[in-house]
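Shown next, in C-alpha cells, is the structure this report addresses.
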Amino acid sequence: MNAQFAIQGEDIYVLEVNPRASRTIPFVSKATGISWARVAANCMVGKSLASQGITESRLPSYYSVKESVFPFIKFPGVDSLLGPEMKSTGEVMGIGRSFGEAFAKSQLAAGEKIPRSGLAFISVRDEDKNEARMIAAELATLGFTLCATRGTAGALADGGLGCRPVNKVREGQPHIVDMLKNDEIDLIVNTTEDKQAIADSYSIRRTALQHKVFYTTTMAGARATILALKQNDSGDVNRLQLLHGEVE
C-alpha cells in the first residue's frame with residue numbers, strides 16, 4: 001500500500017491509500033537486489049514469502065540515496081522552495097560505502113556540483129542558529145570563507161567564527177543578490193520561517209538557480225552536504241551485480 005498523508009499540529013489527514021508500486025519500489029529493488037514488485041505480485045496470487053526465499057531482512061553493507069531532479073531552471077519565475085506538490089521530473093540514485101559518498105554521487109547524478117571551497121553564505125532562522133554554528137565551523141575547517149546576514153553573522157561571531165556581514169535585499173545595495181550576480185558566492189545554506197522571510201528570500205533562490213550555486217534550504221541538507229564534502233574526490237564506481245552479490 002502507498003499511503004499519502006499530511007500532518008498539521010496534532011491532526012493527521014489521510015489523503016489516499018493505494019495498492020500500487022510507486023517509484024520508490026524500483027529504487028528499493030535496485031538497492032537490495034530483489035524485485036519487490038514480482039515478490040508482491042506472487043503474494044497476491046497465493047505464493048508465500050518463504051516459498052519465494054524471502055525469509056529475513058536484507059541489509060546491504062552500502063548506502064543508497066535517492067535524489068529528485070527538478071526542472072526549475074526551465075521555468076522563469078518559478079520558486080525552487082519545496083512544498084507538498086509533486087514538482088520533480090524524475091529521480092537518480094547514488095550508492096556509496098558511506099552516506100556522504102552516496103549523497104555526493106546522488107547530487108552529481110542530479111546535475112548538482114557541490115563546491116569544495118570558496119565563499120559560503122549562511123542565513124538561517126533563529127531556531128537553527130545553534131546548529132548553524134556547527135555547520136559554519138565545519139565549512140571553515142573544509143576551507144570555505146564565510147559570509148552571512150547580520151543576525152546569523154552575530155550568532156556565528158558568538159561562536160568564535162569569523163564572518164563577513166552581508167545585507168539582505170531589503171537592507172539596500174550591495175546585498176546578497178548582487179554578490180550572486182557577480183558570481184562571488186559558491187554555496188548557500190538558507191532556512192526560512194514565515195511568509196515574509198520566504199518572500200524576501202525568493203530572489204536569492206532564483207538568482208542562485210540561474211547562476212548554478214549549490215543551495216540547501218534545510219539543516220538536514222546542510223549536514224548531508226558536510227558529509228559529502230568530507231569524502232574523497234574519487235568515489236568508487238561499483239557494478240550493481242557485484243553489490244547485490246555482497247547482499248546475497
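We name chains A, B, ... following the order of the C-alpha cells; residues begin at 1 in each chain, and ligands are numbered from 1 as shown.
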
**Request:** Name the residues in contact with A:Cys147 at a cut-off of 12 Å, using only C-alpha atoms, excluding same-chain residues fewer than 2 positions from it; report them as a PyMOL selection string.
**Result:** chain A and resi 118-123+136+139-140+144-145+149-157+161-168+175-176+179+184-190

**Residue list (helix (DSSP H, G or I), DSSP) for stretch 80-212 of chain A, as JSON, numbers by chain** = {"A": [99, 100, 101, 102, 103, 104, 105, 106, 107, 108, 109, 126, 127, 128, 129, 130, 131, 132, 133, 134, 135, 136, 137, 138, 139, 140, 141, 150, 151, 152, 153, 154, 155, 156, 157, 158, 169, 170, 171, 176, 177, 178, 179, 180, 181, 195, 196, 197, 198, 199, 200, 202, 203, 204, 205, 206, 207, 208, 209, 210]}

Could you save those same residues with C-alpha atoms as a PDB file, in the first residue's frame?
ATOM      1  CA  PHE A  99      26.202   8.042   3.458  1.00  0.00           C
ATOM      2  CA  GLY A 100      28.390  11.005   2.489  1.00  0.00           C
ATOM      3  CA  GLU A 101      29.721   9.223  -0.592  1.00  0.00           C
ATOM      4  CA  ALA A 102      26.239   8.099  -1.657  1.00  0.00           C
ATOM      5  CA  PHE A 103      24.819  11.601  -1.154  1.00  0.00           C
ATOM      6  CA  ALA A 104      27.662  13.190  -3.137  1.00  0.00           C
ATOM      7  CA  LYS A 105      27.066  10.780  -6.030  1.00  0.00           C
ATOM      8  CA  SER A 106      23.323  11.455  -5.964  1.00  0.00           C
ATOM      9  CA  GLN A 107      23.930  15.199  -6.258  1.00  0.00           C
ATOM     10  CA  LEU A 108      26.335  14.705  -9.140  1.00  0.00           C
ATOM     11  CA  ALA A 109      23.816  12.482 -10.932  1.00  0.00           C
ATOM     12  CA  ASP A 126      16.520  31.768  14.909  1.00  0.00           C
ATOM     13  CA  GLU A 127      15.843  28.154  15.915  1.00  0.00           C
ATOM     14  CA  ASP A 128      18.595  26.941  13.546  1.00  0.00           C
ATOM     15  CA  LYS A 129      21.331  29.324  14.709  1.00  0.00           C
ATOM     16  CA  ASN A 130      22.945  26.908  17.194  1.00  0.00           C
ATOM     17  CA  GLU A 131      23.241  24.207  14.551  1.00  0.00           C
ATOM     18  CA  ALA A 132      24.360  26.796  12.001  1.00  0.00           C
ATOM     19  CA  ARG A 133      27.429  27.466  14.164  1.00  0.00           C
ATOM     20  CA  MET A 134      28.430  23.811  13.859  1.00  0.00           C
ATOM     21  CA  ILE A 135      27.775  23.786  10.101  1.00  0.00           C
ATOM     22  CA  ALA A 136      29.771  27.002   9.662  1.00  0.00           C
ATOM     23  CA  ALA A 137      32.670  25.632  11.730  1.00  0.00           C
ATOM     24  CA  GLU A 138      32.765  22.508   9.562  1.00  0.00           C
ATOM     25  CA  LEU A 139      32.722  24.617   6.373  1.00  0.00           C
ATOM     26  CA  ALA A 140      35.559  26.781   7.697  1.00  0.00           C
ATOM     27  CA  THR A 141      37.581  23.658   8.532  1.00  0.00           C
ATOM     28  CA  ARG A 150      23.647  40.278  10.177  1.00  0.00           C
ATOM     29  CA  GLY A 151      21.560  38.193  12.573  1.00  0.00           C
ATOM     30  CA  THR A 152      23.258  34.954  11.545  1.00  0.00           C
ATOM     31  CA  ALA A 153      26.669  36.664  11.429  1.00  0.00           C
ATOM     32  CA  GLY A 154      26.194  37.740  15.044  1.00  0.00           C
ATOM     33  CA  ALA A 155      25.346  34.187  16.073  1.00  0.00           C
ATOM     34  CA  LEU A 156      28.438  32.861  14.283  1.00  0.00           C
ATOM     35  CA  ALA A 157      30.617  35.540  15.892  1.00  0.00           C
ATOM     36  CA  ASP A 158      29.295  34.459  19.312  1.00  0.00           C
ATOM     37  CA  VAL A 169      17.883  42.633  -0.239  1.00  0.00           C
ATOM     38  CA  ARG A 170      15.576  44.982   1.691  1.00  0.00           C
ATOM     39  CA  GLU A 171      18.570  46.487   3.540  1.00  0.00           C
ATOM     40  CA  ILE A 176      23.401  39.153  -1.292  1.00  0.00           C
ATOM     41  CA  VAL A 177      21.692  39.051  -4.715  1.00  0.00           C
ATOM     42  CA  ASP A 178      24.331  41.455  -6.058  1.00  0.00           C
ATOM     43  CA  MET A 179      27.028  39.062  -4.828  1.00  0.00           C
ATOM     44  CA  LEU A 180      25.286  36.130  -6.517  1.00  0.00           C
ATOM     45  CA  LYS A 181      25.028  38.028  -9.790  1.00  0.00           C
ATOM     46  CA  LYS A 195       5.754  34.004   4.760  1.00  0.00           C
ATOM     47  CA  GLN A 196       7.632  37.299   4.814  1.00  0.00           C
ATOM     48  CA  ALA A 197      11.020  35.585   5.116  1.00  0.00           C
ATOM     49  CA  ILE A 198      10.110  33.168   2.325  1.00  0.00           C
ATOM     50  CA  ALA A 199       9.078  36.070   0.089  1.00  0.00           C
ATOM     51  CA  ASP A 200      12.236  38.022   0.964  1.00  0.00           C
ATOM     52  CA  TYR A 202      12.801  34.271  -3.230  1.00  0.00           C
ATOM     53  CA  SER A 203      15.227  36.451  -5.206  1.00  0.00           C
ATOM     54  CA  ILE A 204      18.152  34.682  -3.528  1.00  0.00           C
ATOM     55  CA  ARG A 205      16.863  31.231  -4.508  1.00  0.00           C
ATOM     56  CA  ARG A 206      16.054  32.264  -8.068  1.00  0.00           C
ATOM     57  CA  THR A 207      19.396  34.007  -8.653  1.00  0.00           C
ATOM     58  CA  ALA A 208      21.293  31.075  -7.131  1.00  0.00           C
ATOM     59  CA  LEU A 209      19.452  28.762  -9.516  1.00  0.00           C
ATOM     60  CA  GLN A 210      20.329  30.887 -12.546  1.00  0.00           C
TER      61      GLN A 210
END

**Message:** Run DSSP on the backbone and tell me which residues of stretch 20-92 of chain A come out as strand (DSSP E or B); list them as a PyMOL selection string.
**Reply:** chain A and resi 63-69+90-92

**Message:** Env of stretch 57-71 of chain A: 10 Å cut, atoms = only C-alpha atoms, seq-sep filter 5 positions within chain, self excluded. Answer as a PyMOL selection string.
**Reply:** chain A and resi 24+27-28+30-34+78+80+86-112+243-248

Kindly save the residues from that selection, with N, CA and C atoms included, as a short mmCIF file (atom, residue, chain, number, x, y, z; two decimals), in the first residue's frame.
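File part_39.cif, as written:
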data_model
loop_
_atom_site.label_atom_id
_atom_site.label_comp_id
_atom_site.auth_asym_id
_atom_site.auth_seq_id
_atom_site.Cartn_x
_atom_site.Cartn_y
_atom_site.Cartn_z
N THR A 24 9.29 4.47 -5.56
CA THR A 24 10.21 4.01 -4.52
C THR A 24 10.52 2.52 -4.67
N PHE A 27 13.44 1.65 -6.83
CA PHE A 27 14.65 2.12 -6.14
C PHE A 27 15.10 1.12 -5.08
N VAL A 28 14.15 0.69 -4.24
CA VAL A 28 14.49 -0.27 -3.19
C VAL A 28 14.91 -1.61 -3.80
N LYS A 30 16.46 -2.03 -6.66
CA LYS A 30 17.83 -1.87 -7.16
C LYS A 30 18.82 -1.81 -6.00
N ALA A 31 18.41 -1.23 -4.88
CA ALA A 31 19.30 -1.11 -3.73
C ALA A 31 19.56 -2.46 -3.06
N THR A 32 18.56 -3.35 -3.09
CA THR A 32 18.68 -4.61 -2.35
C THR A 32 18.90 -5.83 -3.25
N GLY A 33 18.65 -5.67 -4.55
CA GLY A 33 18.83 -6.80 -5.46
C GLY A 33 17.65 -7.74 -5.51
N ILE A 34 16.50 -7.31 -5.00
CA ILE A 34 15.29 -8.13 -5.03
C ILE A 34 14.21 -7.38 -5.81
N VAL A 78 9.62 30.59 -11.44
CA VAL A 78 9.18 29.54 -10.52
C VAL A 78 10.10 29.51 -9.29
N SER A 80 11.98 27.77 -6.25
CA SER A 80 12.53 26.43 -6.04
C SER A 80 12.27 25.90 -4.64
N MET A 86 3.90 17.75 -6.11
CA MET A 86 4.88 16.97 -6.88
C MET A 86 5.51 17.89 -7.93
N LYS A 87 6.79 18.17 -7.77
CA LYS A 87 7.47 19.07 -8.71
C LYS A 87 8.62 18.39 -9.45
N SER A 88 9.02 17.21 -9.01
CA SER A 88 10.17 16.56 -9.62
C SER A 88 9.78 15.92 -10.95
N THR A 89 10.75 15.80 -11.84
CA THR A 89 10.52 15.16 -13.13
C THR A 89 11.22 13.81 -13.22
N GLY A 90 11.79 13.36 -12.13
CA GLY A 90 12.47 12.07 -12.12
C GLY A 90 13.37 11.95 -10.90
N GLU A 91 14.03 10.83 -10.78
CA GLU A 91 14.95 10.61 -9.67
C GLU A 91 16.23 9.96 -10.16
N VAL A 92 17.28 10.15 -9.38
CA VAL A 92 18.56 9.50 -9.63
C VAL A 92 18.99 8.78 -8.36
N MET A 93 20.02 7.96 -8.48
CA MET A 93 20.44 7.12 -7.36
C MET A 93 21.95 7.22 -7.18
N GLY A 94 22.37 7.37 -5.94
CA GLY A 94 23.79 7.34 -5.62
C GLY A 94 24.08 6.24 -4.62
N ILE A 95 25.12 5.46 -4.86
CA ILE A 95 25.48 4.34 -3.97
C ILE A 95 26.91 4.53 -3.50
N GLY A 96 27.13 4.38 -2.21
CA GLY A 96 28.48 4.52 -1.67
C GLY A 96 28.65 3.71 -0.40
N ARG A 97 29.90 3.57 0.02
CA ARG A 97 30.19 2.82 1.25
C ARG A 97 29.83 3.62 2.49
N SER A 98 29.67 4.93 2.34
CA SER A 98 29.22 5.77 3.44
C SER A 98 28.07 6.62 2.93
N PHE A 99 27.32 7.18 3.87
CA PHE A 99 26.20 8.04 3.46
C PHE A 99 26.72 9.25 2.68
N GLY A 100 27.84 9.83 3.16
CA GLY A 100 28.39 11.01 2.49
C GLY A 100 28.74 10.73 1.04
N GLU A 101 29.35 9.58 0.78
CA GLU A 101 29.72 9.22 -0.59
C GLU A 101 28.47 9.02 -1.45
N ALA A 102 27.47 8.34 -0.90
CA ALA A 102 26.24 8.10 -1.66
C ALA A 102 25.51 9.41 -1.94
N PHE A 103 25.48 10.31 -0.95
CA PHE A 103 24.82 11.60 -1.15
C PHE A 103 25.55 12.43 -2.21
N ALA A 104 26.88 12.43 -2.15
CA ALA A 104 27.66 13.19 -3.14
C ALA A 104 27.39 12.68 -4.55
N LYS A 105 27.33 11.36 -4.71
CA LYS A 105 27.07 10.78 -6.03
C LYS A 105 25.66 11.12 -6.51
N SER A 106 24.70 11.14 -5.57
CA SER A 106 23.32 11.45 -5.96
C SER A 106 23.22 12.90 -6.45
N GLN A 107 23.95 13.80 -5.82
CA GLN A 107 23.93 15.20 -6.26
C GLN A 107 24.56 15.35 -7.64
N LEU A 108 25.66 14.65 -7.84
CA LEU A 108 26.33 14.70 -9.14
C LEU A 108 25.43 14.16 -10.24
N ALA A 109 24.71 13.08 -9.95
CA ALA A 109 23.82 12.48 -10.93
C ALA A 109 22.63 13.39 -11.24
N ALA A 110 22.23 14.21 -10.26
CA ALA A 110 21.11 15.13 -10.45
C ALA A 110 21.54 16.43 -11.12
N GLY A 111 22.84 16.53 -11.43
CA GLY A 111 23.33 17.74 -12.10
C GLY A 111 23.77 18.83 -11.15
N GLU A 112 23.89 18.51 -9.85
CA GLU A 112 24.33 19.49 -8.86
C GLU A 112 25.78 19.21 -8.47
N LEU A 243 27.49 -5.61 -6.09
CA LEU A 243 26.91 -5.15 -4.83
C LEU A 243 25.79 -6.09 -4.38
N HIS A 244 24.96 -6.52 -5.32
CA HIS A 244 23.88 -7.44 -4.97
C HIS A 244 24.45 -8.78 -4.50
N GLY A 245 25.57 -9.18 -5.09
CA GLY A 245 26.23 -10.41 -4.65
C GLY A 245 26.67 -10.33 -3.21
N GLU A 246 27.12 -9.15 -2.77
CA GLU A 246 27.50 -8.96 -1.38
C GLU A 246 26.32 -9.17 -0.46
N VAL A 247 25.15 -8.63 -0.85
CA VAL A 247 23.96 -8.73 0.00
C VAL A 247 23.52 -10.18 0.09
N GLU A 248 23.57 -10.90 -1.02
CA GLU A 248 23.14 -12.30 -1.02
C GLU A 248 24.05 -13.16 -0.15
#

**Item:** Coordinates-based distance that separates atom CA of A:Gly53 from atom CA of A:Ser29 (Å, one decimal)
**Value:** 15.1 Å

**Request:** Measuring atom to atom with only C-alpha atoms, identify which of A:Phe72, A:Phe214, A:Trp36, A:Phe5 is nearest to A:Val17.
**Result:**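 Checking each of A:Phe72, A:Phe214, A:Trp36, A:Phe5 against A:Val17, counting only C-alpha atoms, the winner is A:Phe5.
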
**Request:** One decimal, Å: what's the distance from atom CA of A:Cys43 over to atom CA of A:Glu56, could you say?
**Result:**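 Interatomic distance here is 15.8 Å.
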